[in-house]
Structures are given as structure tokens and as C-alpha cells.
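Each remark here refers to the structure printed beneath this line.
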Amino acid sequence: MDYIQATVLAIIEGITEFLPISSTGHMIIASSFFGIAHDDFTKLFTVVIQLGAILSVVVLYFKRFFQTLDFYFKLLVAFIPAVVFGLLFSKKIDALLENPITVAVSLVLGGVILLKVDDWFAPKEALQETTSISYATALKIGLFQCLAMIPGVSRSGASIGGGMSQKLSRTTAAEFSFFLAVPTMLGATAKKCYDYYKDGYVLTHDQINFLILGNIIAFIVALLAIKSFIGYLTKNGFKMFGYYRIVAGLAILLIHFMVMKLTTI
């Protein structure tokens, strides 16, 4: 990895983290294009810089984080499934982080779902406040979020869709997804760093700089992206993102098989 690659991946992360199009999936495709997808540090980088994007939520919603202890317990309940599944399947998840085909298929299938999600989950009286979410609803949203451990699924898309399935409005589901992202990505970053060192790797000076640069860029870009996403989602729903996912996924599959065919000639 070089500084240009780190910058491009961080910009992609900042733009896509809060859109239901899979930030991890896009970074896998970009890192595959750069020829660094199989590198262990790249896998660490793509996870750790998500923390920078997520911390933009803390800044933008700073006052909203001062809520009752009950709300934080609900976030903890929603976070628990990610801990359990992450610990059980970390190695399998890590292997998927270098597979563009998994990303492409997930993009297409997720896109089809996004085309229908507004019709499936459009309650006449939707819950409008995150503080009114029940413990059972929080747990179900947490389970939906675990689907994003498959690259290309989208953490925000899975958790927002999960929230809407529990009669939350689009905006409320999105905001709870943002709040839930903070402990989720803190935990994922800590786990990934621990595994990296446990496997005997030591960060070089340049790699530390890449992580610092990546987090700063992802943080700044995400600040600009969140408000735009919430405004668009409230007015227009998910269909545009669904079409984008389908086109992007099919394009990736087409390019992959064309490259495979050329290499066998």
C-alpha cells in the first residue's frame, strides 16, 4: 500500500459507510484493483479506518449521545450479536475480505431487497424516536446487523432495514444504526488489531501513518456524507441505492469473468 492507495480507500470509506451500498465491499473492490486485497495490512486497514468514519457520528450527534442509561443498555443489547458472531466466525469473515465475487453477489441480492424494502416495511404509524425502541427491537436490529459480516451486504443497510421491519421510520432506523455503529466498530477495530498482533505482525512507521491518514480522511468525508444521506433517505427511500447496487454488482461480475477468460487464452 502507498499513500495514494490509502487516500483513495479512505475517501471510499467516508462516502459509503453510511450509505446502504457496503463500504467494506467497495474497499475490497478498490483494493483488488490496486492488487493489494490479499495483503494482511490492507485487511486491517479496511476495518480500522471505518472507526474514523463512525466517529463522525459522535461529532454530529454529540448532544444525542447524552441519553438515559436505558438507551445505552439497548445499544449494548443490539451490539451483543455482533460480538458473538464476530468471535465465532472471524476467520471465515477474514477469508471473505479478499473475494470480489462474494461482494458482487451480495451487492446484487442486497440491491433487489432495497428495491422492495420501502414497500415491505412502510408502517402507517412508524416509531419516530430512538429512545422509544424496546429491548426486543434492539436485539433484532443487532441480529440484522450481523448480516453485514458478509462483505457487500452493508452494515447500515442491514441495520436500517432491520429497524424498519420493527416499525421504525426510515430516519429513526438510520439514526439508531448510526449510534449502534460506534460500539460495533470500536469492537471490530480492537478485535482486528489484537488478531493482527497475535499473528506476529508489527506495524511499520509507514503503516501507522497510513492508519492515521485513513482515519482522518474517512472522518472528514463521512461528516459531509451523513447529513446528505439522511436528507435523501427521508424524502426518497432506498430505490436509487438498490439500482446502484445491482448495476455495480453485475458490472463487477462481468469484469471478473472477462478478466478470467482473457487470462486463460
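Identifiers in this document derive from the order of the C-alpha cells: chains are assigned A, B, ..., residues are numbered from 1 separately in each chain, and ligands are numbered from 1 in order of occurrence.
Residues with any atom within 7 Å of region 229-237 of chain A, counting only C-alpha atoms and excluding same-chain neighbours fewer than 4 positions away, are Leu19, Asp118, Arg170, Thr171 and Ala225 of chain A.
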Write the selection just made, keeping N, CA, C and O atoms, as a CSV table (one decimal), in the first residue's frame?
chain,number,residue,atom,x,y,z
A,19,LEU,N,-24.1,4.8,3.6
A,19,LEU,CA,-25.0,4.5,2.5
A,19,LEU,C,-25.2,3.0,2.5
A,19,LEU,O,-24.3,2.2,2.8
A,118,ASP,N,-39.0,-0.5,1.0
A,118,ASP,CA,-39.9,0.6,1.4
A,118,ASP,C,-41.4,0.1,1.3
A,118,ASP,O,-42.2,0.5,2.0
A,170,ARG,N,-37.9,5.5,8.6
A,170,ARG,CA,-36.6,5.4,7.9
A,170,ARG,C,-35.5,6.2,8.7
A,170,ARG,O,-34.4,5.8,8.9
A,171,THR,N,-35.9,7.5,9.1
A,171,THR,CA,-35.0,8.3,9.8
A,171,THR,C,-34.6,7.8,11.1
A,171,THR,O,-33.4,7.7,11.5
A,225,ALA,N,-21.0,13.4,4.4
A,225,ALA,CA,-21.9,12.4,3.8
A,225,ALA,C,-23.2,12.1,4.6
A,225,ALA,O,-24.2,11.9,4.0
Original post:
Which polymer residues have any atom within 10 Å of an atom of Ala138 (chain A), counting only C-alpha atoms, with same-chain residues fewer than 6 positions away left out, as a PyMOL selection string?
Top reply: chain A and resi 71+73-79+130+144+159+162-163+166+176+180
**OP:** DSSP on the backbone, then: every residue of region 31-139 of chain A marked alpha helix (DSSP H), written as a PyMOL selection string.
**Re:** chain A and resi 31-34+40-60+69-96+100-120+135-139
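Nearest to Ala82 (chain A) of all the residues A:Ala218, A:Ile12, A:Leu139, A:Tyr197 is A:Leu139, based on only C-alpha atoms.
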Subject >> Close residues, Ala190 (chain A) itself excluded, 9 Å, only C-alpha atoms, min 5 positions apart in chain, as number ranges by chain >> reply: A: 48, 185, 195
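The protein and nucleic acid residues lying at most 10 Å from region 241-246 of chain A are Leu19, Pro20, Ile21, Ser22, Ala104, Val105, Ser106, Leu107, Val108, Leu109, Gly110, Gly111, Val112, Ile113, Leu114, Leu115, Lys116, Val117, Gly152, Val153, Gly157, Leu233, Ala251 and Ile252 of chain A, with only C-alpha atoms considered and sequence neighbours fewer than 5 positions away removed.
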**OP:** Name all residues at most 9 Å from Leu51 (chain A) (count only C-alpha atoms; drop same-chain ones fewer than 3 positions away) and give them as an NGL selection string.
**Re:** :A and (47-48 or 54-56 or 181-182 or 185-186 or 188-189 or 215 or 218-219)
